[in-house]
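Undergrad: One file: final-v5.csv (CSV, C-alpha atoms).
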chain,number,residue,atom,x,y,z
E,480,MET,CA,-102.7,35.2,-32.6
E,481,LYS,CA,-100.0,36.9,-34.6
E,482,GLY,CA,-101.8,40.3,-34.4
E,483,LYS,CA,-102.2,39.9,-30.6
E,484,GLN,CA,-98.5,39.2,-30.2
E,485,GLN,CA,-97.5,42.2,-32.3
E,486,THR,CA,-99.8,44.4,-30.3
E,487,LEU,CA,-98.3,43.3,-27.0
E,488,ALA,CA,-94.7,43.7,-28.3
E,489,THR,CA,-95.5,47.2,-29.5
E,490,ALA,CA,-97.0,48.2,-26.2
E,491,PHE,CA,-94.0,47.0,-24.3
E,492,THR,CA,-91.6,48.7,-26.6
E,493,LYS,CA,-93.4,52.0,-26.1
E,494,THR,CA,-92.7,51.9,-22.4
E,495,GLY,CA,-89.2,53.1,-23.1
E,496,ILE,CA,-87.6,50.6,-20.6
E,497,GLN,CA,-84.2,49.6,-21.8
E,498,LEU,CA,-82.3,47.1,-19.6
E,499,PRO,CA,-78.6,47.8,-18.8
E,500,SER,CA,-76.4,45.4,-20.7
E,501,ASP,CA,-73.1,43.9,-19.6
E,502,GLN,CA,-72.0,44.2,-23.3
E,503,ASP,CA,-71.6,47.9,-23.0
E,504,ALA,CA,-71.1,50.7,-20.4
E,505,SER,CA,-74.8,50.6,-19.3
E,506,GLY,CA,-74.3,47.4,-17.4
E,507,ARG,CA,-70.7,47.7,-16.3
E,508,THR,CA,-68.8,49.5,-13.5
E,509,LEU,CA,-65.9,50.8,-15.7
E,510,GLY,CA,-65.0,54.4,-14.9
E,511,GLN,CA,-62.4,56.9,-13.9
E,512,GLU,CA,-60.5,54.5,-11.6
E,513,GLU,CA,-59.7,52.2,-14.5
E,514,LEU,CA,-58.9,55.1,-16.8
E,515,ALA,CA,-56.4,56.6,-14.3
E,516,LYS,CA,-54.6,53.3,-13.9
E,517,LEU,CA,-54.5,52.8,-17.7
E,518,ALA,CA,-53.0,56.2,-18.1
E,519,GLU,CA,-50.3,55.3,-15.5
E,520,VAL,CA,-49.4,52.2,-17.5
E,521,ILE,CA,-49.2,54.1,-20.8
E,522,ALA,CA,-47.1,56.8,-19.2
E,523,SER,CA,-44.7,54.2,-17.9
E,524,GLY,CA,-44.2,52.6,-21.3
E,525,THR,CA,-44.2,49.2,-19.7
E,526,LEU,CA,-47.0,47.1,-21.0
E,527,ASN,CA,-45.6,43.7,-20.3
E,528,SER,CA,-46.5,42.1,-16.9
E,529,THR,CA,-43.0,40.6,-16.4
E,530,LYS,CA,-41.7,44.2,-15.9
E,531,GLY,CA,-44.8,46.0,-14.7
E,532,ARG,CA,-46.5,46.2,-11.3
E,533,PHE,CA,-50.3,46.1,-11.9
E,534,VAL,CA,-50.6,42.4,-12.7
E,535,LYS,CA,-48.6,41.5,-9.7
E,536,GLN,CA,-50.8,43.8,-7.6
E,537,LEU,CA,-53.9,42.1,-9.0
E,538,GLU,CA,-52.5,38.7,-8.1
E,539,GLN,CA,-51.7,39.7,-4.5
E,540,GLU,CA,-55.0,41.6,-3.9
E,541,PHE,CA,-57.2,38.8,-5.3
E,542,ALA,CA,-55.2,36.3,-3.2
E,543,ASP,CA,-55.9,38.4,-0.1
E,544,LYS,CA,-59.6,38.7,-1.0
E,545,LEU,CA,-60.0,35.0,-1.4
E,546,GLY,CA,-57.7,34.1,1.5
E,547,VAL,CA,-55.5,31.8,-0.6
E,548,LYS,CA,-51.7,31.6,-0.9
E,549,HIS,CA,-51.2,31.9,-4.6
E,550,VAL,CA,-53.0,33.6,-7.5
E,551,PHE,CA,-51.7,34.0,-11.0
E,552,ALA,CA,-53.3,36.1,-13.8
E,553,CYS,CA,-53.5,34.9,-17.3
E,554,ALA,CA,-54.9,35.8,-20.7
E,555,SER,CA,-58.5,34.3,-20.4
E,556,GLY,CA,-60.8,32.0,-18.5
E,557,THR,CA,-59.8,29.3,-21.0
E,558,ALA,CA,-56.2,29.9,-20.2
E,559,ALA,CA,-57.0,29.6,-16.5
E,560,VAL,CA,-58.6,26.2,-17.0
E,561,HIS,CA,-55.7,25.1,-19.2
E,562,THR,CA,-53.2,26.2,-16.6
E,563,ALA,CA,-55.0,24.3,-13.9
E,564,ILE,CA,-55.1,21.1,-15.9
E,565,ALA,CA,-51.5,21.5,-17.0
E,566,ALA,CA,-50.5,21.9,-13.4
E,567,LEU,CA,-51.9,18.4,-12.7
E,568,ASP,CA,-49.9,17.1,-15.7
E,569,PRO,CA,-52.2,14.3,-16.8
E,570,GLU,CA,-50.8,11.4,-18.8
E,571,PRO,CA,-52.3,11.0,-22.3
E,572,GLY,CA,-55.6,9.2,-22.0
E,573,GLU,CA,-56.3,10.0,-18.4
E,574,GLU,CA,-59.8,11.2,-17.6
E,575,ILE,CA,-61.1,14.5,-16.2
E,576,ILE,CA,-64.8,14.4,-15.1
E,577,THR,CA,-66.6,17.6,-16.0
E,578,SER,CA,-70.0,19.1,-16.8
E,579,PRO,CA,-71.8,18.8,-20.2
E,580,ILE,CA,-73.4,22.2,-19.5
E,581,THR,CA,-70.4,24.5,-19.8
E,582,ASP,CA,-68.5,26.7,-22.2
E,583,MET,CA,-66.2,25.0,-24.7
E,584,GLY,CA,-63.4,27.0,-23.2
E,585,ALA,CA,-63.6,24.8,-20.1
E,586,LEU,CA,-63.3,21.6,-22.2
E,587,SER,CA,-60.8,22.3,-25.0
E,588,PRO,CA,-57.9,22.6,-22.5
E,589,ILE,CA,-58.6,19.0,-21.4
E,590,LEU,CA,-58.1,17.8,-25.0
E,591,TYR,CA,-55.1,20.0,-25.6
E,592,GLN,CA,-53.4,18.3,-22.6
E,593,GLY,CA,-54.1,14.9,-24.1
E,594,ALA,CA,-56.8,14.0,-21.5
E,595,ILE,CA,-60.3,12.8,-22.0
E,596,PRO,CA,-63.4,14.7,-20.8
E,597,VAL,CA,-65.8,12.4,-19.1
E,598,PHE,CA,-69.3,14.0,-18.8
E,599,ALA,CA,-71.3,13.5,-15.7
E,600,GLU,CA,-75.0,14.2,-15.3
E,601,VAL,CA,-76.2,17.4,-13.6
E,602,ASP,CA,-78.8,18.2,-11.0
E,603,PRO,CA,-81.8,19.6,-12.9
E,604,ARG,CA,-82.5,22.1,-10.1
E,605,THR,CA,-79.1,23.8,-10.1
E,606,TRP,CA,-77.6,22.6,-13.4
E,607,ASN,CA,-74.5,21.6,-11.3
E,608,LEU,CA,-72.6,18.4,-10.9
E,609,THR,CA,-73.1,16.5,-7.6
E,610,ALA,CA,-71.2,13.8,-5.8
E,611,GLU,CA,-74.1,11.4,-6.8
E,612,THR,CA,-73.7,12.2,-10.5
E,613,ILE,CA,-69.9,12.2,-10.4
E,614,ALA,CA,-69.5,8.8,-8.7
E,615,PRO,CA,-70.6,6.6,-11.6
E,616,CYS,CA,-68.0,8.3,-13.8
E,617,LEU,CA,-65.0,7.5,-11.6
E,618,SER,CA,-62.5,5.0,-13.0
E,619,PRO,CA,-58.8,4.1,-12.4
E,620,ARG,CA,-58.0,6.6,-15.1
E,621,THR,CA,-59.6,9.6,-13.4
E,622,LYS,CA,-57.1,12.3,-13.0
E,623,ALA,CA,-59.3,15.2,-11.8
E,624,ILE,CA,-62.8,16.5,-11.3
E,625,ILE,CA,-63.9,19.9,-12.5
E,626,ALA,CA,-66.7,21.3,-10.4
E,627,THR,CA,-68.4,24.1,-12.3
E,628,HIS,CA,-70.3,26.6,-10.2
E,629,LEU,CA,-72.8,27.4,-13.0
E,630,PHE,CA,-74.5,30.8,-13.1
E,631,GLY,CA,-72.9,31.7,-9.8
E,632,ASN,CA,-74.6,29.0,-7.8
E,633,PRO,CA,-72.0,26.9,-5.9
E,634,CYS,CA,-71.9,23.2,-6.1
E,635,GLU,CA,-72.3,21.1,-3.0
E,636,MET,CA,-68.6,20.9,-2.5
E,637,ASP,CA,-68.4,19.0,0.9
E,638,GLU,CA,-69.9,15.9,-0.7
E,639,ILE,CA,-67.8,16.3,-3.9
E,640,ILE,CA,-64.6,16.8,-1.9
E,641,ALA,CA,-65.3,13.8,0.3
E,642,LEU,CA,-65.8,11.6,-2.7
E,643,ALA,CA,-62.7,12.9,-4.4
E,644,ASP,CA,-60.6,12.6,-1.3
E,645,SER,CA,-61.6,9.0,-0.9
E,646,ARG,CA,-60.0,8.3,-4.2
E,647,LYS,CA,-57.2,10.9,-3.8
E,648,ILE,CA,-58.4,12.8,-6.8
E,649,PRO,CA,-57.9,16.6,-7.0
E,650,VAL,CA,-60.8,18.9,-7.6
E,651,ILE,CA,-60.6,22.0,-9.9
E,652,GLU,CA,-63.3,24.6,-9.2
E,653,ASP,CA,-64.5,26.5,-12.3
E,654,CYS,CA,-65.5,29.8,-10.8
E,655,ALA,CA,-65.8,31.7,-14.0
E,656,GLN,CA,-69.4,32.6,-13.2
E,657,ALA,CA,-69.1,32.5,-9.4
E,658,PHE,CA,-67.0,35.4,-8.0
E,659,LEU,CA,-67.5,35.5,-4.2
E,660,ALA,CA,-70.2,32.8,-4.2
E,661,GLU,CA,-70.2,31.0,-0.9
E,662,GLN,CA,-70.6,27.4,0.1
E,663,ARG,CA,-71.2,27.0,3.8
E,664,GLY,CA,-69.2,30.1,4.7
E,665,ARG,CA,-66.3,29.5,2.3
E,666,TYR,CA,-65.7,31.3,-1.0
E,667,ALA,CA,-66.1,29.2,-4.1
E,668,GLY,CA,-62.5,28.8,-5.3
E,669,THR,CA,-61.0,28.1,-1.9
E,670,ILE,CA,-62.3,24.6,-1.4
E,671,GLY,CA,-60.7,22.5,-4.2
E,672,ARG,CA,-57.0,22.1,-5.0
E,673,ILE,CA,-57.1,24.7,-7.8
E,674,SER,CA,-59.7,27.3,-8.9
E,675,CYS,CA,-60.2,29.2,-12.1
E,676,PHE,CA,-61.8,32.6,-12.7
E,677,SER,CA,-62.7,34.5,-15.9
E,678,LEU,CA,-62.6,38.3,-16.5
E,679,GLN,CA,-64.4,38.1,-19.8
E,680,GLN,CA,-66.8,40.9,-20.8
E,681,GLY,CA,-69.9,39.7,-19.1
E,682,LYS,CA,-68.4,38.4,-15.8
E,683,HIS,CA,-68.8,40.0,-12.4
E,684,ILE,CA,-65.7,42.1,-13.1
E,685,THR,CA,-64.1,42.4,-16.5
E,686,THR,CA,-61.0,43.2,-18.4
E,687,GLY,CA,-62.6,42.2,-21.7
E,688,GLU,CA,-60.7,39.0,-21.6
E,689,GLY,CA,-58.6,37.6,-18.8
E,690,GLY,CA,-58.3,34.9,-16.2
E,691,LEU,CA,-57.1,34.0,-12.7
E,692,VAL,CA,-56.0,30.8,-11.2
E,693,ALA,CA,-55.6,30.2,-7.4
E,694,THR,CA,-54.2,27.5,-5.1
E,695,ASP,CA,-52.8,26.9,-1.7
E,696,ASP,CA,-50.5,24.1,-3.0
E,697,ASP,CA,-46.9,25.4,-3.4
E,698,GLU,CA,-46.0,22.7,-5.9
E,699,LEU,CA,-49.0,23.3,-8.1
E,700,ALA,CA,-48.4,27.0,-7.9
E,701,ARG,CA,-44.9,26.6,-9.2
E,702,ARG,CA,-46.2,24.6,-12.2
E,703,MET,CA,-49.0,27.2,-12.8
E,704,PHE,CA,-46.6,30.1,-12.8
E,705,LEU,CA,-44.3,28.3,-15.2
E,706,PHE,CA,-47.1,27.2,-17.6
E,707,ILE,CA,-48.3,30.8,-18.0
E,708,ASN,CA,-44.7,31.8,-18.8
E,709,LYS,CA,-43.7,29.3,-21.4
E,710,ALA,CA,-42.2,27.2,-18.6
E,711,TRP,CA,-39.4,29.7,-18.3
E,712,GLY,CA,-38.0,29.9,-14.8
E,713,TYR,CA,-38.1,33.6,-14.1
E,714,GLY,CA,-36.0,34.4,-11.1
E,715,ASP,CA,-34.3,31.0,-11.0
E,716,PRO,CA,-30.5,30.9,-10.7
E,717,ASP,CA,-30.2,29.0,-14.0
E,718,PRO,CA,-33.5,29.4,-15.8
E,719,ASP,CA,-34.6,27.3,-18.7
E,720,HIS,CA,-37.8,26.2,-20.5
E,721,TYR,CA,-38.5,23.2,-18.3
E,722,PHE,CA,-41.4,21.6,-20.2
E,723,LEU,CA,-43.9,22.3,-23.0
E,724,ALA,CA,-45.9,25.4,-22.2
E,725,LEU,CA,-47.5,28.5,-23.7
E,726,ASN,CA,-47.4,32.3,-23.2
E,727,TYR,CA,-50.6,32.9,-21.3
E,728,ARG,CA,-49.5,36.1,-19.6
E,729,MET,CA,-51.9,39.0,-18.9
E,730,SER,CA,-50.8,42.4,-20.1
E,731,GLU,CA,-50.3,45.4,-17.8
E,732,LEU,CA,-53.2,47.1,-19.5
E,733,GLN,CA,-55.5,44.3,-18.5
E,734,GLY,CA,-54.0,44.2,-15.1
E,735,ALA,CA,-54.6,47.9,-14.5
E,736,VAL,CA,-58.2,47.6,-15.5
E,737,ALA,CA,-58.6,44.5,-13.2
E,738,VAL,CA,-57.1,46.3,-10.2
E,739,GLY,CA,-59.6,49.1,-10.7
E,740,GLN,CA,-62.4,46.5,-11.1
E,741,LEU,CA,-61.4,44.5,-8.1
E,742,THR,CA,-62.2,47.4,-5.8
E,743,LYS,CA,-65.8,47.3,-7.0
E,744,LEU,CA,-66.3,43.5,-6.9
E,745,GLU,CA,-68.0,43.2,-3.5
E,746,CYS,CA,-70.4,46.0,-4.3
E,747,SER,CA,-71.2,44.6,-7.7
E,748,VAL,CA,-71.9,41.2,-6.2
E,749,GLN,CA,-74.1,42.6,-3.4
E,750,ARG,CA,-76.1,44.5,-6.0
E,751,ARG,CA,-76.6,41.4,-8.1
E,752,VAL,CA,-77.7,39.4,-5.1
E,753,ALA,CA,-80.1,42.1,-3.8
E,754,ALA,CA,-81.7,42.5,-7.3
E,755,ALA,CA,-82.1,38.7,-7.6
E,756,ARG,CA,-83.9,38.5,-4.2
E,757,ILE,CA,-86.3,41.2,-5.4
E,758,LEU,CA,-87.1,39.4,-8.6
E,759,THR,CA,-87.5,36.1,-6.9
E,760,GLN,CA,-90.1,37.7,-4.5
E,761,LYS,CA,-92.0,39.0,-7.5
E,762,LEU,CA,-92.1,35.6,-9.3
E,763,THR,CA,-92.5,33.2,-6.4
E,764,SER,CA,-96.3,32.8,-6.8
E,765,LEU,CA,-96.2,32.4,-10.6
E,766,ARG,CA,-97.4,28.9,-11.6
E,767,GLY,CA,-95.2,27.0,-14.0
E,768,ILE,CA,-92.1,29.1,-13.1
E,769,GLU,CA,-89.4,28.0,-10.6
E,770,THR,CA,-87.0,30.7,-9.4
E,771,PRO,CA,-83.3,29.7,-8.8
E,772,TYR,CA,-82.8,26.9,-6.2
E,773,VAL,CA,-80.2,27.9,-3.7
E,774,HIS,CA,-79.1,25.7,-0.7
E,775,THR,CA,-79.9,27.6,2.6
E,776,ASP,CA,-76.2,27.5,3.5
E,777,ASN,CA,-75.0,28.9,0.2
E,778,VAL,CA,-74.7,32.3,-1.4
E,779,HIS,CA,-75.5,32.5,-5.2
E,780,THR,CA,-73.9,35.5,-6.8
E,781,TYR,CA,-75.9,35.5,-10.0
E,782,TRP,CA,-73.8,35.8,-13.1
E,783,LYS,CA,-77.2,35.2,-14.7
E,784,TYR,CA,-80.7,34.8,-13.2
E,785,CYS,CA,-82.2,31.5,-14.5
E,786,LEU,CA,-85.8,30.2,-14.4
E,787,ARG,CA,-87.0,26.7,-14.8
E,788,VAL,CA,-90.1,26.7,-17.0
E,789,ASP,CA,-92.5,23.8,-16.8
E,790,ALA,CA,-93.7,23.1,-20.3
E,791,ASN,CA,-96.6,21.0,-18.9
E,792,ILE,CA,-98.0,24.2,-17.5
E,793,ILE,CA,-96.8,27.0,-19.8
E,794,PRO,CA,-97.3,26.1,-23.5
E,795,GLY,CA,-94.0,26.2,-25.4
E,796,GLY,CA,-91.9,26.0,-22.2
E,797,SER,CA,-88.7,28.0,-22.1
E,798,ASP,CA,-88.7,28.6,-25.8
E,799,GLY,CA,-92.2,29.9,-25.8
E,800,LEU,CA,-91.6,32.2,-22.8
E,801,GLY,CA,-88.3,33.3,-24.2
E,802,LYS,CA,-89.9,34.4,-27.5
E,803,GLN,CA,-92.4,36.5,-25.6
E,804,LEU,CA,-89.7,38.1,-23.5
E,805,LYS,CA,-87.5,38.9,-26.5
E,806,ALA,CA,-90.5,40.7,-28.1
E,807,ARG,CA,-90.4,42.9,-25.0
E,808,GLN,CA,-86.7,43.6,-25.5
E,809,ILE,CA,-85.5,41.2,-22.8
E,810,SER,CA,-82.6,39.4,-24.4
E,811,CYS,CA,-83.0,36.1,-22.6
E,812,THR,CA,-81.6,32.7,-23.7
E,813,PRO,CA,-83.8,29.6,-23.7
E,814,ARG,CA,-81.8,26.4,-23.1
E,815,TYR,CA,-78.6,28.4,-22.4
E,816,VAL,CA,-76.0,26.5,-24.5
E,817,GLN,CA,-78.8,25.0,-26.7
E,818,LYS,CA,-77.2,21.6,-26.6
E,819,PRO,CA,-74.9,19.7,-24.2
E,820,ALA,CA,-71.2,20.0,-25.0
E,821,PHE,CA,-70.8,16.4,-26.1
E,822,MET,CA,-73.2,17.2,-29.1
E,823,CYS,CA,-70.7,19.6,-30.6
E,824,ARG,CA,-68.8,18.5,-33.6
E,825,VAL,CA,-65.5,18.4,-31.8
E,826,PHE,CA,-66.9,15.5,-29.8
E,827,GLN,CA,-69.3,14.0,-32.3
E,828,GLU,CA,-66.7,13.9,-35.1
E,829,GLN,CA,-63.6,13.9,-32.9
E,830,LYS,CA,-62.1,16.8,-34.7
E,831,THR,CA,-58.8,17.6,-33.0
E,832,PHE,CA,-55.3,17.5,-34.5
E,833,GLY,CA,-55.3,16.8,-38.2
E,834,ASN,CA,-57.0,13.5,-38.8
E,835,SER,CA,-55.4,11.9,-35.8
E,836,ARG,CA,-58.5,12.1,-33.5
E,837,PHE,CA,-56.1,12.3,-30.6
E,838,PRO,CA,-56.6,12.0,-27.7
E,839,PHE,CA,-60.0,10.3,-28.4
E,840,THR,CA,-58.0,7.3,-29.7
E,841,LEU,CA,-56.9,6.6,-26.2
E,842,ALA,CA,-60.3,6.8,-24.6
E,843,ARG,CA,-62.3,3.9,-23.2
E,844,PRO,CA,-65.2,3.3,-25.6
E,845,GLU,CA,-67.9,3.7,-22.9
E,846,VAL,CA,-66.9,7.3,-22.2
E,847,LEU,CA,-67.4,8.2,-25.8
E,848,GLN,CA,-71.1,7.3,-25.8
E,849,TYR,CA,-72.5,10.7,-26.5
E,850,ASP,CA,-76.1,9.8,-27.1
E,851,PRO,CA,-78.4,12.2,-25.3
E,852,GLN,CA,-80.5,9.3,-24.0
E,853,HIS,CA,-77.6,8.5,-21.6
E,854,PHE,CA,-78.0,12.0,-20.1
E,855,PRO,CA,-81.7,12.4,-19.2
E,856,ARG,CA,-81.1,14.9,-16.4
E,857,THR,CA,-78.9,17.1,-18.6
E,858,MET,CA,-81.4,17.1,-21.4
E,859,GLN,CA,-84.2,17.9,-18.9
E,860,ALA,CA,-82.1,20.7,-17.4
E,861,LEU,CA,-81.4,22.3,-20.8
E,862,GLU,CA,-85.0,22.0,-22.0
E,863,SER,CA,-86.4,23.8,-18.9
E,864,VAL,CA,-83.9,26.6,-18.3
E,865,LEU,CA,-84.5,30.2,-19.4
E,866,VAL,CA,-81.5,32.4,-18.8
E,867,LEU,CA,-82.3,36.1,-18.1
E,868,PRO,CA,-79.7,38.8,-18.6
E,869,TRP,CA,-78.2,40.1,-15.4
E,870,ASN,CA,-75.8,42.7,-14.1
E,871,GLU,CA,-75.0,45.0,-11.2
E,872,ASN,CA,-76.8,48.1,-12.6
E,873,TYR,CA,-80.4,46.9,-12.4
E,874,LEU,CA,-82.7,49.4,-10.7
E,875,ASP,CA,-86.2,48.8,-9.3
E,876,GLU,CA,-87.8,49.9,-12.5
E,877,HIS,CA,-85.8,47.3,-14.5
E,878,LEU,CA,-86.8,44.5,-12.1
E,879,ASP,CA,-90.5,45.7,-12.2
E,880,TYR,CA,-90.4,45.6,-15.9
E,881,ILE,CA,-88.9,42.1,-16.1
E,882,ALA,CA,-91.3,40.7,-13.5
E,883,GLU,CA,-94.3,42.3,-15.2
E,884,SER,CA,-93.1,41.0,-18.6
E,885,ILE,CA,-92.8,37.5,-17.3
E,886,HIS,CA,-96.2,37.6,-15.6
E,887,GLU,CA,-98.0,39.0,-18.6
E,888,SER,CA,-96.2,36.6,-21.0
E,889,VAL,CA,-97.2,33.6,-18.9
E,890,PHE,CA,-100.8,34.8,-18.8
E,891,TYR,CA,-100.7,35.3,-22.6
E,892,LEU,CA,-99.3,31.9,-23.2
E,893,CYS,CA,-101.7,30.1,-20.9
E,894,ASN,CA,-104.9,31.8,-22.1
Starting from the file, lay out its structure as structure tokens.
TA:
Amino acid sequence: MKGKQQTLATAFTKTGIQLPSDQDASGRTLGQEELAKLAEVIASGTLNSTKGRFVKQLEQEFADKLGVKHVFACASGTAAVHTAIAALDPEPGEEIITSPITDMGALSPILYQGAIPVFAEVDPRTWNLTAETIAPCLSPRTKAIIATHLFGNPCEMDEIIALADSRKIPVIEDCAQAFLAEQRGRYAGTIGRISCFSLQQGKHITTGEGGLVATDDDELARRMFLFINKAWGYGDPDPDHYFLALNYRMSELQGAVAVGQLTKLECSVQRRVAAARILTQKLTSLRGIETPYVHTDNVHTYWKYCLRVDANIIPGGSDGLGKQLKARQISCTPRYVQKPAFMCRVFQEQKTFGNSRFPFTLARPEVLQYDPQHFPRTMQALESVLVLPWNENYLDEHLDYIAESIHESVFYLCN
């Protein structure tokens, strides 16, 4: 068996196929446009966004693209989520319903604002929260719901918004992986009260690190602007630091890159979607493999392309298939985040501020029950998912190689 595996891996390595990577220039759209704008910033000598023009330009152009009233740039996707939560100003111990399959950067801001993350189950087909999974988590303490559009596949927002509106609970959309995704003709990020985006290295467009927050609510917009700026009232007749807040500003250097990147966003998204359709066609007939489920009314914009692997059909499941693909130089990720967020030490050991355990000390005991047996859908989703690398620079030869590698790996594992 070992010799056979080594022979297969060697054969695939000799093909010379190397997939573009979003971790370097091969899988990114960075080029002369960004360089020219960076040169303009350097020549001006103004690198701070409070005095420069590029960050303001980015905010206006992204607002126009989404069709929302207010957009503010900030230092990271985590900063964007923190800004959104701070704008809602939860009381210590209030609860925010969120996904257990997400980056810690979408969870730590909840704790920093003294609120309690309450984890809802996910739909194993999409890995997203649904109104059905959110409903049992609601309580009189619920301050907000975070709907994470995982991998670029939008949540079913109509149902989530209807549930939230019935309790007068605001919804934050986490669109870090979902630029220009659509849910029944509306962009993700235009449906909830606030939305958050990430410009981190591997996102649809990038500034290395960076974030954006958006809203149509004037009052929330004011708090978001202030929170990013240490709560200093820039432009006010008698400015002051009005409340506790941080410096989450984006620099002009990041803003210049982002303005250049924004002009390429629609094309990048279209190329990701088109490539995904081709790969789906190539894999549809493969037994034991399910391609991404997308509601017929929605547009999935593929931050990553994810498979569901049936371990009852394919020996070893997602881990086994992932091992085979890695041997063929396809840097896939079985189980995505490996374990649900609530299994991380920050939750299991309540490691927060010194030895205080705050804000966990304010939580209802039932929301701190982090045993995986309480989350069967989440565990099923993580066990079956295999995340394939994805970016806008894939050509037909790359898609052929991925598809052939998956077909041959499945054949190898099943025979």
Undergrad: Which residue gives the smallest distance to Gln733 (chain E) among E:Leu678, E:Val601, E:Ala610, E:Ile639, with only C-alpha atoms counted?
TA: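 Result for the nearest residue to Gln733 (chain E): E:Leu678.
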Undergrad: Can you tell me, as a list in words, what residues are no more than 12 Å from Gln852 (chain E) when counting only C-alpha atoms, ignoring any on the same chain fewer than 4 positions away?
TA: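 So, after excluding close chain neighbours, the residues are Glu600, Pro819, Met822, Gln848, Arg856, Thr857, Met858 and Gln859 of chain E.
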Undergrad: Leaving out Gly687 (chain E) and any residue of its chain fewer than 4 positions from it, which residues lie within 12 Å of it when counting only C-alpha atoms, given as a list in words?
TA: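 Here the qualifying residues turn out to be Asp501, Gln502, Asp503, Arg507, Leu509, Ala554, Ser555, Gly556, Ser677, Leu678, Gln679, Gln680, Gly681, Lys682, His683, Met729, Ser730, Leu732, Gln733, Gly734, Val736, Ala737 and Gln740 of chain E.
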Undergrad: Got a sec: who's within 8 Å of Ala585 (chain E), counting all atoms listed in the file, leaving out chain neighbours fewer than 4 positions off, as a PyMOL selection string?
TA: chain E and resi 556-557+560-561+581+589
Undergrad: For Gln497 (chain E), which residue out of E:Asn872, E:Asn777, E:Asn834, E:Gln656 is the nearest one, using only C-alpha atoms?
TA: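 Answer, going by the shortest atom-to-atom distance: E:Asn872.
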Undergrad: Point out the residue among E:Cys634, E:Leu608, E:Ala515, E:Leu892 with the least atom-to-atom distance to His774 (chain E), counting all atoms listed in the file.
TA: E:Cys634
Undergrad: I want to know what sits within 6 Å of Ile673 (chain E), based on only C-alpha atoms, with residues of the same chain fewer than 2 positions away left out; could you give that as a VMD selection string?
TA: chain E and resid 651 671 693 to 694
Undergrad: Using only C-alpha atoms, can you tell me which of E:Thr812, E:Leu786, E:Arg646, E:Trp711 comes closest to Leu762 (chain E)?
TA: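 The answer is E:Leu786, which sits nearest to Leu762 (chain E).
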Undergrad: Every residue with an atom at most 6 Å from (-77.9, 34.8, -6.7) (file coordinates; all atoms listed in the file) is what I'm after, so could you write them as a list in words?
TA: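 With a cut-off of 6 Å, the residues come to Val752, Ala755, His779, Thr780 and Tyr781 of chain E.
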Undergrad: Around all the atoms of region 704-708 of chain E listed in the file, with 8 Å of room on each side, what axis-aligned box do you get, giving centre and edge lengths in Å to one decimal, as lines of an AutoDock Vina configuration file?
TA:
center_x = -46.3
center_y = 29.5
center_z = -15.8
size_x = 20.0
size_y = 20.6
size_z = 22.0
Undergrad: Show me the residues close to (-59.8, 8.8, -13.8) - anything with an atom within 8 Å, counting only C-alpha atoms - and format the list as a PyMOL selection string.
TA: chain E and resi 573-576+617-623
Undergrad: Write out, as a CSV table (one decimal), in the coordinates of the input, the residues just selected, with C-alpha atoms.
TA:
chain,number,residue,atom,x,y,z
E,573,GLU,CA,-56.3,10.0,-18.4
E,574,GLU,CA,-59.8,11.2,-17.6
E,575,ILE,CA,-61.1,14.5,-16.2
E,576,ILE,CA,-64.8,14.4,-15.1
E,617,LEU,CA,-65.0,7.5,-11.6
E,618,SER,CA,-62.5,5.0,-13.0
E,619,PRO,CA,-58.8,4.1,-12.4
E,620,ARG,CA,-58.0,6.6,-15.1
E,621,THR,CA,-59.6,9.6,-13.4
E,622,LYS,CA,-57.1,12.3,-13.0
E,623,ALA,CA,-59.3,15.2,-11.8
Undergrad: CA of Glu862 (chain E) to CA of Arg807 (chain E): how many Å, to one decimal?
TA: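 Between CA of Glu862 (chain E) and CA of Arg807 (chain E) the gap works out to 21.8 Å.
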Undergrad: May I ask which of the residues E:Asn708, E:Thr562, E:Thr742, E:Thr627 is the closest one to Glu540 (chain E), counting all atoms listed in the file?
TA: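 The closest residue to Glu540 (chain E) is E:Thr742.
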Undergrad: Write out as a list of chain:residue names which residues come within 12 Å of Ser764 (chain E) when counting only C-alpha atoms, dropping same-chain ones fewer than 5 positions away.
TA: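 The residues that qualify are E:Leu758, E:Thr759, E:Glu769, E:Thr770, E:Ala882, E:His886.
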